[in-house]
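Chemist: Structure in structure tokens, see below.
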Amino acid sequence: MTGAEVALFGIAAVIIGYSKTSVGGLAVVAVMIFATVMPARASTAAILMVLIVGDLFAIWHYRRNCDVALIRGLLPGVLPGLVLGSVFLAVVDDTLLKRAIGALLLAMVLLQLLVNSRREQIAERAHGRLPALAAGVGSGFATMTANAAGAVMTLYLVAKQVDKVRFVGTSAWFFFLINCVKVPFSVGLGLLEWTDVWRALALAPAVAVGAWLGVHTIRRISQRGFEVVVLLASAISATVLLLA
């Protein structure tokens, strides 16, 4: 592994820690870094281990800010989404997967713009079982194929008009649960190796730095600022993967 690759992994780890405790959508930048440095298929399992480390920091910091009812509504759709994502991973090659990740991230940007422009109308339709089921399936598929479920979760929670702290706390527990469920799927697909576990442990200090920065900035950034940063990061990441 070259010095440049080590540096990129370290930057990605800081971004993951920061995104887990503040701007969740920024994790797509880390997804892009891993998918650029490594083969796209292998990167999905490698970054999964680092994401779980970030989840642990997040649920510790926001352990009192989880909306259990929201999570309960999303979970029934997650498993079917994970299965669909696993089937997709099993049949596509590395190049197509990288393009698919980019397209998925770009689609999330466009959906987020739709939410921003029609927030009140979407909020009225976000209640009930069907939107929760759709968000669960979308999160399961997006997280299995691209570790990009943060964008789907953002759409759903913004539409539900969840306040920032409860937003982050609920997301932290939700993603910790589904990331743990993803581990046996990744093992079954032959993607997860012990090297990925040791890499995640080595990157834990960098994740901790990012988590600390996120905790200390979340209350100082406006919601509008959050959305602009997330959209910009997602658009750049999607473009890089589509053109790579």
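Order determines the names: the first chain of the structure tokens is A, the second B, and so forth; residues in each chain are numbered 1 upward, and ligands are numbered 1 upward as they are shown.
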Tell me, as a count of residues only, which residues lie within 9 Å of range 19-23 of chain A, counting only C-alpha atoms; anything in the same chain fewer than 3 positions away does not count.

Modeler: 33

Chemist: Contacts of Ala132 in chain A at 7 Å or less, counting only C-alpha atoms, minus same-chain residues fewer than 3 places along, as a list in words?

Modeler: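 The residues that qualify are Gly73, Leu74, Gly128, Arg129, Ala135 and Gly136 of chain A.
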
Chemist: Determine the nearest neighbour of Ala206 in chain A from the options A:Pro80, A:Gly17, A:Gly225, A:Gly85, counting only C-alpha atoms.

Modeler: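 Ranking A:Pro80, A:Gly17, A:Gly225, A:Gly85 by distance to Ala206 in chain A, first place goes to A:Gly17.
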
Chemist: Just checking: using only C-alpha atoms, which residue out of A:Arg99, A:Val187, A:Met153, A:Trp173 ends up closest to Val68 in chain A?

Modeler: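 Between A:Arg99, A:Val187, A:Met153, A:Trp173, the residue approaching Val68 in chain A most closely is A:Trp173.
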
Chemist: If we count only C-alpha atoms, what is near Leu79 in chain A at a cut-off of 8 Å, once residues fewer than 3 positions away on the same chain are taken out, given as a list in words?

Modeler: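 That gives Leu75, Pro76, Leu82, Val83, Val137 and Gly140 of chain A.
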
Chemist: I'd like to know which of A:Met32, A:Val6, A:Ala142, A:Ala204 is closest to Gly102 in chain A, using only C-alpha atoms.

Modeler: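 Under the stated criterion, the closest residue is A:Met32.
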
Chemist: Quick one: everything within 10 Å of Ile33 in chain A, counting only C-alpha atoms, minus sequence neighbours fewer than 2 positions away in the same chain. Send it as a PyMOL selection string.

Modeler: chain A and resi 5+8-9+11-12+27-31+35-38+43+47+237+240-241

Chemist: Please identify all polymer residues within 12 Å of Lys182 in chain A, counting only C-alpha atoms, omitting same-chain residues fewer than 3 positions from it, and present them as a VMD selection string.

Modeler: chain A and resid 44 to 45 47 to 49 51 to 52 78 to 79 81 to 83 85 to 86 139 to 147 175 to 179 185 to 189 191 to 192

Chemist: Just give me the gap between CA of Ala90 in chain A and CA of Val197 in chain A in Å, one decimal is fine.

Modeler: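 Distance reported for this atom pair: 21.7 Å.
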
Chemist: Between CA of Ala4 in chain A and CA of Leu203 in chain A, measure the distance and give it in Å to one decimal.

Modeler: 14.9 Å

Chemist: May I ask for the distance between CA of Trp194 in chain A and CA of Ala46 in chain A, given in Å to one decimal place?

Modeler: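 Atom-to-atom, CA of Trp194 in chain A to CA of Ala46 in chain A, that is 9.7 Å.
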
Chemist: With only C-alpha atoms as the basis for distance, which of A:Pro39, A:Trp60, A:Asp163, A:Ala134 is at the shortest distance from Asp93 in chain A?

Modeler: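 Checking each of A:Pro39, A:Trp60, A:Asp163, A:Ala134 against Asp93 in chain A, counting only C-alpha atoms, the winner is A:Pro39.
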